[in-house]
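Novice: Here you go, this is data.cif (mmCIF, C-alpha atoms).
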```cif
data_query
#
loop_
_atom_site.label_atom_id
_atom_site.label_comp_id
_atom_site.auth_asym_id
_atom_site.auth_seq_id
_atom_site.Cartn_x
_atom_site.Cartn_y
_atom_site.Cartn_z
CA MET A 129 -3.79 -41.35 -12.78
CA LYS A 130 -1.14 -38.85 -11.80
CA VAL A 131 -1.53 -35.10 -11.44
CA LYS A 132 0.79 -32.28 -10.43
CA VAL A 133 -0.23 -30.15 -7.46
CA VAL A 134 1.48 -26.77 -6.97
CA TYR A 135 1.41 -24.66 -3.81
CA PHE A 136 2.00 -20.94 -3.48
CA ALA A 137 2.83 -18.39 -0.78
CA GLN A 138 1.40 -19.33 2.66
CA ALA A 139 0.22 -22.72 1.33
CA ARG A 140 3.74 -23.51 0.09
CA GLU A 141 5.35 -22.43 3.37
CA THR A 142 2.81 -24.30 5.51
CA ILE A 143 3.59 -27.67 3.95
CA GLY A 144 7.22 -26.96 3.06
CA LYS A 145 7.01 -27.85 -0.62
CA ARG A 146 6.34 -26.12 -3.88
CA ARG A 147 5.00 -29.02 -5.93
CA GLU A 148 4.31 -32.71 -5.82
CA ILE A 149 2.94 -35.50 -7.98
CA VAL A 150 -0.22 -37.06 -6.54
CA SER A 151 -1.66 -40.44 -7.58
CA LEU A 152 -5.45 -40.52 -7.76
CA PRO A 153 -8.25 -42.93 -8.59
CA ASN A 154 -9.50 -42.42 -12.13
CA LYS A 155 -12.64 -40.41 -11.49
CA VAL A 156 -11.99 -37.52 -9.12
CA ASN A 157 -13.21 -33.96 -8.99
CA VAL A 158 -11.53 -30.91 -7.48
CA ARG A 159 -13.51 -31.12 -4.23
CA GLN A 160 -12.44 -34.73 -3.66
CA LEU A 161 -8.81 -33.95 -4.41
CA MET A 162 -8.88 -31.06 -1.94
CA GLN A 163 -10.35 -33.33 0.75
CA LEU A 164 -7.44 -35.69 0.21
CA ILE A 165 -4.87 -32.89 0.35
CA PHE A 166 -6.37 -31.30 3.46
CA GLU A 167 -6.38 -34.69 5.21
CA ARG A 168 -2.75 -35.13 4.32
CA TYR A 169 -1.83 -31.63 5.56
CA PRO A 170 -4.00 -30.64 8.55
CA ASN A 171 -2.20 -27.29 8.91
CA LEU A 172 -3.17 -26.43 5.36
CA ALA A 173 -6.80 -27.35 6.08
CA ARG A 174 -7.04 -24.27 8.32
CA MET A 175 -6.68 -22.13 5.21
CA LYS A 176 -9.24 -23.98 3.10
CA ASP A 177 -11.94 -21.28 3.14
CA THR A 178 -9.58 -18.68 1.69
CA ILE A 179 -7.86 -20.84 -0.93
CA ARG A 180 -9.06 -20.96 -4.55
CA ILE A 181 -8.15 -23.65 -7.01
CA ALA A 182 -6.90 -23.38 -10.58
CA VAL A 183 -6.64 -26.30 -12.98
CA ASN A 184 -4.23 -25.72 -15.86
CA CYS A 185 -4.23 -21.97 -15.06
CA GLU A 186 -8.05 -21.61 -15.05
CA LEU A 187 -10.04 -20.91 -11.88
CA VAL A 188 -12.46 -23.77 -11.24
CA ASP A 189 -15.11 -24.87 -8.75
CA GLY A 190 -15.23 -28.10 -6.75
CA GLU A 191 -17.29 -30.02 -9.29
CA THR A 192 -14.68 -29.78 -12.05
CA ASP A 193 -13.35 -33.20 -13.03
CA ILE A 194 -9.63 -33.80 -12.92
CA LYS A 195 -7.77 -35.48 -15.78
CA GLU A 196 -4.44 -37.27 -16.05
CA GLY A 197 -1.57 -34.80 -16.19
CA ASP A 198 -3.52 -31.77 -14.95
CA GLU A 199 -1.72 -29.08 -13.00
CA ILE A 200 -3.75 -28.13 -9.92
CA ALA A 201 -2.74 -24.95 -8.09
CA LEU A 202 -3.70 -23.88 -4.56
CA LEU A 203 -4.00 -20.08 -4.52
CA PRO A 204 -4.13 -18.23 -1.18
CA PRO A 205 -5.57 -14.66 -1.12
CA VAL A 206 -3.63 -12.50 -3.58
CA THR A 207 -1.73 -9.23 -3.22
CA GLY A 208 -0.46 -8.24 -6.64
CA GLY A 209 0.33 -4.70 -7.70
CA MET B 137 -1.30 -4.94 -29.40
CA VAL B 138 -1.22 -6.40 -25.89
CA ILE B 139 2.00 -6.95 -23.95
CA ALA B 140 1.64 -9.01 -20.75
CA LYS B 141 4.76 -10.05 -18.92
CA VAL B 142 6.18 -11.10 -15.57
CA THR B 143 9.86 -10.32 -15.11
CA ASN B 144 12.58 -10.68 -12.50
CA ARG B 145 14.50 -7.76 -13.98
CA ARG B 146 14.10 -4.05 -13.26
CA ILE B 147 11.24 -2.38 -15.11
CA ASN B 148 12.35 0.47 -17.36
CA PRO B 149 9.42 2.92 -17.67
CA GLU B 150 10.70 4.45 -20.88
CA SER B 151 10.87 1.13 -22.70
CA VAL B 152 7.36 0.27 -21.45
CA ILE B 153 6.07 3.55 -22.87
CA ASN B 154 7.91 3.09 -26.15
CA SER B 155 6.42 -0.38 -26.57
CA ILE B 156 2.91 1.08 -26.91
CA ARG B 157 3.48 4.50 -28.52
CA ASN B 158 2.28 4.85 -32.09
CA LYS B 159 1.15 7.38 -34.67
CA ARG B 160 -2.58 6.70 -34.13
CA SER B 161 -2.43 7.69 -30.46
CA GLY B 162 -2.66 11.20 -29.06
CA ALA B 163 -2.57 10.00 -25.45
CA VAL B 164 -0.28 7.74 -23.47
CA VAL B 165 -1.00 6.98 -19.81
CA LEU B 166 1.57 5.25 -17.62
CA PHE B 167 0.93 3.94 -14.11
CA LEU B 168 3.78 2.72 -11.91
CA GLY B 169 3.38 0.88 -8.63
CA THR B 170 6.42 1.34 -6.37
CA VAL B 171 7.52 -0.19 -3.09
CA ARG B 172 6.66 2.00 -0.07
CA ALA B 173 9.00 2.32 2.91
CA ILE B 174 6.10 2.09 5.36
CA ASN B 175 2.98 -0.07 5.06
CA GLN B 176 0.26 0.09 7.75
CA GLY B 177 2.81 1.37 10.23
CA ARG B 178 5.37 -1.33 9.43
CA ARG B 179 8.84 -0.23 8.34
CA ILE B 180 9.74 -2.22 5.25
CA GLU B 181 13.23 -3.31 4.29
CA SER B 182 12.26 -5.11 1.05
CA ILE B 183 9.43 -7.01 -0.61
CA GLU B 184 9.47 -10.46 -2.15
CA TYR B 185 6.92 -11.10 -4.91
CA GLU B 186 5.92 -14.69 -5.58
CA VAL B 187 4.15 -15.25 -8.91
CA TYR B 188 2.43 -18.20 -10.56
CA ARG B 189 3.97 -17.05 -13.78
CA ASP B 190 2.12 -19.14 -16.38
CA MET B 191 -1.28 -18.25 -14.98
CA ALA B 192 -0.42 -14.60 -14.29
CA GLU B 193 0.79 -13.99 -17.84
CA LYS B 194 -2.20 -15.83 -19.31
CA ARG B 195 -4.66 -13.80 -17.23
CA MET B 196 -2.86 -10.54 -17.98
CA MET B 197 -3.09 -11.30 -21.68
CA GLU B 198 -6.83 -12.00 -21.34
CA LEU B 199 -7.18 -8.77 -19.36
CA GLY B 200 -5.46 -6.87 -22.14
CA LEU B 201 -7.88 -8.27 -24.72
CA GLU B 202 -10.82 -7.36 -22.49
CA LEU B 203 -9.48 -3.80 -22.14
CA LYS B 204 -9.38 -3.47 -25.91
CA LYS B 205 -13.04 -4.49 -26.08
CA ARG B 206 -14.23 -2.30 -23.20
CA PHE B 207 -12.30 0.87 -23.99
CA LYS B 208 -11.41 2.73 -27.13
CA ILE B 209 -7.67 2.22 -26.82
CA ASN B 210 -4.91 1.22 -29.18
CA ASP B 211 -2.20 -0.68 -27.30
CA VAL B 212 -1.59 -1.77 -23.73
CA ALA B 213 1.45 -3.10 -21.87
CA MET B 214 1.36 -4.66 -18.40
CA ILE B 215 4.58 -5.73 -16.68
CA HIS B 216 4.78 -7.17 -13.16
CA ARG B 217 7.92 -7.93 -11.18
CA GLU B 218 8.72 -11.08 -9.28
CA GLY B 219 11.46 -11.72 -6.74
CA LYS B 220 13.02 -9.33 -4.27
CA LEU B 221 12.48 -5.56 -4.58
CA GLY B 222 13.97 -2.73 -2.56
CA ILE B 223 12.19 0.44 -1.41
CA GLY B 224 11.22 2.69 -4.32
CA GLU B 225 11.58 -0.01 -6.97
CA ILE B 226 8.87 -0.42 -9.57
CA SER B 227 6.71 -3.48 -8.89
CA VAL B 228 4.20 -3.02 -11.70
CA ALA B 229 3.80 -0.89 -14.82
CA VAL B 230 0.69 -0.38 -16.94
CA ALA B 231 0.89 1.74 -20.08
CA VAL B 232 -2.02 2.48 -22.41
CA SER B 233 -2.14 4.35 -25.67
CA ALA B 234 -5.36 5.76 -27.14
CA GLU B 235 -6.56 8.43 -29.50
CA HIS B 236 -7.77 10.52 -26.57
CA ARG B 237 -6.82 10.74 -22.90
CA GLU B 238 -10.09 9.82 -21.23
CA GLU B 239 -10.20 6.25 -22.54
CA ALA B 240 -6.49 5.82 -21.76
CA PHE B 241 -6.97 6.94 -18.14
CA ASN B 242 -10.05 4.75 -17.66
CA ALA B 243 -8.45 1.66 -19.17
CA CYS B 244 -5.29 2.10 -17.11
CA ARG B 245 -7.27 2.36 -13.87
CA PHE B 246 -9.44 -0.64 -14.76
CA ALA B 247 -6.33 -2.69 -15.55
CA MET B 248 -4.65 -1.84 -12.24
CA ASP B 249 -7.77 -2.74 -10.23
CA ARG B 250 -7.87 -6.13 -11.98
CA ILE B 251 -4.14 -6.70 -11.53
CA LYS B 252 -4.61 -6.31 -7.79
CA SER B 253 -7.64 -8.58 -7.53
CA SER B 254 -7.33 -11.27 -10.20
CA LEU B 255 -3.69 -12.25 -10.66
CA PRO B 256 -1.96 -15.09 -8.78
CA ILE B 257 0.69 -12.88 -7.15
CA TRP B 258 1.66 -12.70 -3.47
CA LYS B 259 3.87 -10.28 -1.59
CA LYS B 260 5.86 -10.84 1.51
CA GLU B 261 7.29 -7.92 3.44
CA ARG B 262 10.67 -8.18 5.05
CA LEU B 263 10.53 -5.72 7.93
CA GLU B 264 13.45 -3.64 9.19
CA GLU B 265 13.40 -5.62 12.45
CA GLY B 266 14.15 -8.73 10.39
CA GLU B 267 10.77 -10.45 10.55
CA SER B 268 8.95 -11.42 7.31
CA ILE B 269 5.18 -11.37 6.89
CA TRP B 270 2.73 -12.14 4.08
CA VAL B 271 0.56 -9.15 3.27
CA GLU B 272 -3.12 -9.86 3.91
CA GLY B 273 -4.81 -10.43 0.55
CA ILE B 274 -8.17 -10.92 -1.09
CA LYS B 275 -9.65 -14.09 -2.52
CA ILE B 276 -8.66 -14.17 -6.18
CA ARG B 277 -11.46 -13.05 -8.55
CA GLU B 278 -12.39 -14.19 -12.03
#
```
What does the file become when written as structure tokens?
Specialist:
Amino acid sequence: MKVKVVYFAQARETIGKRREIVSLPNKVNVRQLMQLIFERYPNLARMKDTIRIAVNCELVDGETDIKEGDEIALLPPVTGG
Amino acid sequence: MVIAKVTNRRINPESVINSIRNKRSGAVVLFLGTVRAINQGRRIESIEYEVYRDMAEKRMMELGLELKKRFKINDVAMIHREGKLGIGEISVAVAVSAEHREEAFNACRFAMDRIKSSLPIWKKERLEEGESIWVEGIKIRE
């Protein structure tokens, strides 16, 4: 299956892209996807303890299953306001 | 009514206020966040806001609905800027109307605290010396 991964702020700058399509095996949860992404981008892995993940604009934990077409966002610490 | 919006255009405080004024309300509270010239000793030239717009607007709308449950208010409008802002520009506006002032003040403060801690928004300072740095943030909350 294919999913869209979007990167923001420091995460976006660290890997030099805003979004990408990632092909995955059919049964994958958020934790497994993050392992794959952090292996692909070692510099991003340094930020992994501060990043939170949203799937289709909802904050999720690592056990959440990923479905075809999901939008997965990597969110570094926020500074709105 | 709840208005929740991210915009790349200048925020006009008067139109924000007018969007939530009504005949049932005897109190209107407006909070504006503006860009400071100096932050933690750093001299700022401008600020760039990056926003995950779909999620930010969705969460702001949910926040507005929560405000209406928690506080005795009538209407609320929350507008956040994205893109580049100069010193003194308005980065965020929260306006609340209520029958009485206390609930309007409380709801406005609650909303601002949540905007700072639970929206996917990031700011980068461009310093006068030319360097740009991401402002240190907090892990996004539910």
Novice: Would you write out, as JSON lines, a table of all residues in chain A that have an atom no more than 12 Å from an atom of stretch 179-199 of chain B, listing for each the closest atom pair and the distance in Å to one decimal, considering all atoms listed in the file and ordering rows by chain and rising residue number?
Specialist:
```
{"residue": "A:Val134", "atom": "CA", "partner": "B:Tyr188", "partner_atom": "CA", "distance": 9.3}
{"residue": "A:Tyr135", "atom": "CA", "partner": "B:Tyr188", "partner_atom": "CA", "distance": 9.4}
{"residue": "A:Phe136", "atom": "CA", "partner": "B:Tyr188", "partner_atom": "CA", "distance": 7.6}
{"residue": "A:Ala137", "atom": "CA", "partner": "B:Glu186", "partner_atom": "CA", "distance": 6.8}
{"residue": "A:Gln138", "atom": "CA", "partner": "B:Glu186", "partner_atom": "CA", "distance": 10.5}
{"residue": "A:Arg140", "atom": "CA", "partner": "B:Glu186", "partner_atom": "CA", "distance": 10.7}
{"residue": "A:Glu141", "atom": "CA", "partner": "B:Glu186", "partner_atom": "CA", "distance": 11.8}
{"residue": "A:Arg146", "atom": "CA", "partner": "B:Tyr188", "partner_atom": "CA", "distance": 11.1}
{"residue": "A:Ile181", "atom": "CA", "partner": "B:Met191", "partner_atom": "CA", "distance": 11.8}
{"residue": "A:Ala182", "atom": "CA", "partner": "B:Met191", "partner_atom": "CA", "distance": 8.8}
{"residue": "A:Val183", "atom": "CA", "partner": "B:Met191", "partner_atom": "CA", "distance": 9.9}
{"residue": "A:Asn184", "atom": "CA", "partner": "B:Met191", "partner_atom": "CA", "distance": 8.1}
{"residue": "A:Cys185", "atom": "CA", "partner": "B:Met191", "partner_atom": "CA", "distance": 4.7}
{"residue": "A:Glu186", "atom": "CA", "partner": "B:Met191", "partner_atom": "CA", "distance": 7.6}
{"residue": "A:Leu187", "atom": "CA", "partner": "B:Met191", "partner_atom": "CA", "distance": 9.7}
{"residue": "A:Glu199", "atom": "CA", "partner": "B:Met191", "partner_atom": "CA", "distance": 11.0}
{"residue": "A:Ile200", "atom": "CA", "partner": "B:Met191", "partner_atom": "CA", "distance": 11.4}
{"residue": "A:Ala201", "atom": "CA", "partner": "B:Tyr188", "partner_atom": "CA", "distance": 8.9}
{"residue": "A:Leu202", "atom": "CA", "partner": "B:Tyr188", "partner_atom": "CA", "distance": 10.3}
{"residue": "A:Leu203", "atom": "CA", "partner": "B:Tyr188", "partner_atom": "CA", "distance": 9.0}
{"residue": "A:Pro204", "atom": "CA", "partner": "B:Tyr188", "partner_atom": "CA", "distance": 11.4}
{"residue": "A:Val206", "atom": "CA", "partner": "B:Val187", "partner_atom": "CA", "distance": 9.8}
{"residue": "A:Thr207", "atom": "CA", "partner": "B:Tyr185", "partner_atom": "CA", "distance": 9.0}
{"residue": "A:Gly208", "atom": "CA", "partner": "B:Tyr185", "partner_atom": "CA", "distance": 8.1}
{"residue": "A:Gly209", "atom": "CA", "partner": "B:Tyr185", "partner_atom": "CA", "distance": 9.6}
```
Novice: Check which residues of chain B sit at most 7 Å from chain A using only C-alpha atoms, and return one row each with the closest pair of atoms and their distance in Å to one decimal, ordered by chain and rising number, as a Markdown table.
Specialist:
```
| residue | atom | partner | partner_atom | distance |
| --- | --- | --- | --- | --- |
| B:Gly169 | CA | A:Gly209 | CA | 6.4 |
| B:Glu186 | CA | A:Ala137 | CA | 6.8 |
| B:Met191 | CA | A:Cys185 | CA | 4.7 |
| B:Ser227 | CA | A:Gly209 | CA | 6.6 |
| B:Val228 | CA | A:Gly209 | CA | 5.8 |
| B:Ile251 | CA | A:Gly209 | CA | 6.2 |
| B:Lys252 | CA | A:Gly208 | CA | 4.7 |
| B:Ser253 | CA | A:Val206 | CA | 6.9 |
| B:Leu255 | CA | A:Gly208 | CA | 6.5 |
| B:Pro256 | CA | A:Val206 | CA | 6.0 |
| B:Ile257 | CA | A:Gly208 | CA | 4.8 |
| B:Trp258 | CA | A:Thr207 | CA | 4.9 |
| B:Lys259 | CA | A:Thr207 | CA | 5.9 |
| B:Val271 | CA | A:Thr207 | CA | 6.9 |
| B:Gly273 | CA | A:Pro205 | CA | 4.6 |
| B:Ile274 | CA | A:Pro205 | CA | 4.6 |
| B:Lys275 | CA | A:Pro205 | CA | 4.4 |
| B:Ile276 | CA | A:Val206 | CA | 5.9 |
```
Novice: For the residues in the current selection, export C-alpha atoms as an mmCIF file, in the frame of the given file.
Specialist:
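Heads up, here's the output in part.cif:
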```cif
data_model
loop_
_atom_site.group_PDB
_atom_site.id
_atom_site.type_symbol
_atom_site.label_atom_id
_atom_site.label_comp_id
_atom_site.auth_asym_id
_atom_site.auth_seq_id
_atom_site.Cartn_x
_atom_site.Cartn_y
_atom_site.Cartn_z
ATOM 1 C CA GLY B 169 3.380 0.880 -8.630
ATOM 2 C CA GLU B 186 5.920 -14.690 -5.580
ATOM 3 C CA MET B 191 -1.280 -18.250 -14.980
ATOM 4 C CA SER B 227 6.710 -3.480 -8.890
ATOM 5 C CA VAL B 228 4.200 -3.020 -11.700
ATOM 6 C CA ILE B 251 -4.140 -6.700 -11.530
ATOM 7 C CA LYS B 252 -4.610 -6.310 -7.790
ATOM 8 C CA SER B 253 -7.640 -8.580 -7.530
ATOM 9 C CA LEU B 255 -3.690 -12.250 -10.660
ATOM 10 C CA PRO B 256 -1.960 -15.090 -8.780
ATOM 11 C CA ILE B 257 0.690 -12.880 -7.150
ATOM 12 C CA TRP B 258 1.660 -12.700 -3.470
ATOM 13 C CA LYS B 259 3.870 -10.280 -1.590
ATOM 14 C CA VAL B 271 0.560 -9.150 3.270
ATOM 15 C CA GLY B 273 -4.810 -10.430 0.550
ATOM 16 C CA ILE B 274 -8.170 -10.920 -1.090
ATOM 17 C CA LYS B 275 -9.650 -14.090 -2.520
ATOM 18 C CA ILE B 276 -8.660 -14.170 -6.180
#
```
Novice: For this structure, which residues satisfy the selection - the PyMOL selection byres ((chain B and resi 243) around 9) - when it is evaluated on the file as given? I want them as a ChimeraX atom specification.
Specialist: /B:203-204,206-209,212,232,238-242,244-248
Novice: With 5 Å on each side, where is the centre of the axis-aligned box around all listed atoms of stretch 177-182 of chain B, and how long are its edges in Å to one decimal, as JSON?
Specialist:
```
{"center_x": 8.0, "center_y": -1.9, "center_z": 5.6, "size_x": 20.4, "size_y": 16.5, "size_z": 19.2}
```
Novice: Near B:His236, within 10 Å and counting only C-alpha atoms, which residues show up once chain neighbours fewer than 6 positions away are dropped, as a PyMOL selection string?
Specialist: chain B and resi 160-164+208-209
Novice: Suppose we keep C-alpha atoms; can you now write the selection as a PDB file, in the coordinates of the input?
Specialist:
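Contents of again.pdb, freshly written:
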```pdb
ATOM      1  CA  ARG B 160      -2.580   6.700 -34.130  1.00  0.00           C
ATOM      2  CA  SER B 161      -2.430   7.690 -30.460  1.00  0.00           C
ATOM      3  CA  GLY B 162      -2.660  11.200 -29.060  1.00  0.00           C
ATOM      4  CA  ALA B 163      -2.570  10.000 -25.450  1.00  0.00           C
ATOM      5  CA  VAL B 164      -0.280   7.740 -23.470  1.00  0.00           C
ATOM      6  CA  LYS B 208     -11.410   2.730 -27.130  1.00  0.00           C
ATOM      7  CA  ILE B 209      -7.670   2.220 -26.820  1.00  0.00           C
TER       8      ILE B 209
END
```
Novice: Could you work out how far atom CA of A:Ile143 lies from atom CA of A:Thr192, giving the answer in Å with one decimal?
Specialist: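 The value is 24.4 Å.
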Novice: The residues within 9 Å of (3.0, 2.5, -25.6), using only C-alpha atoms and the coordinates of the file, should be reported as a PyMOL selection string; which are they?
Specialist: chain B and resi 151-158+161+164-166+210-213+231-233
Novice: Under the PyMOL selection byres ((chain B and resi 142) around 6), which residues of this model are included? Write them out as a CSV table (one decimal) with C-alpha atoms, keeping the file's coordinate frame.
Specialist:
```
chain,number,residue,atom,x,y,z
B,141,LYS,CA,4.8,-10.0,-18.9
B,143,THR,CA,9.9,-10.3,-15.1
B,215,ILE,CA,4.6,-5.7,-16.7
B,216,HIS,CA,4.8,-7.2,-13.2
B,217,ARG,CA,7.9,-7.9,-11.2
```
Novice: Any idea what's packed within 10 Å of A:Pro153, counting only C-alpha atoms, ignoring anything in its chain fewer than 4 positions away? Could you give it as a VMD selection string?
Specialist: chain A and resid 129 to 130 161
Novice: Just to confirm, what's the straight-line distance from atom CA of B:Val138 to atom CA of B:Met214 in Å (one decimal)?
Specialist: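 About the pair atom CA of B:Val138 and atom CA of B:Met214: they are 8.1 Å apart.
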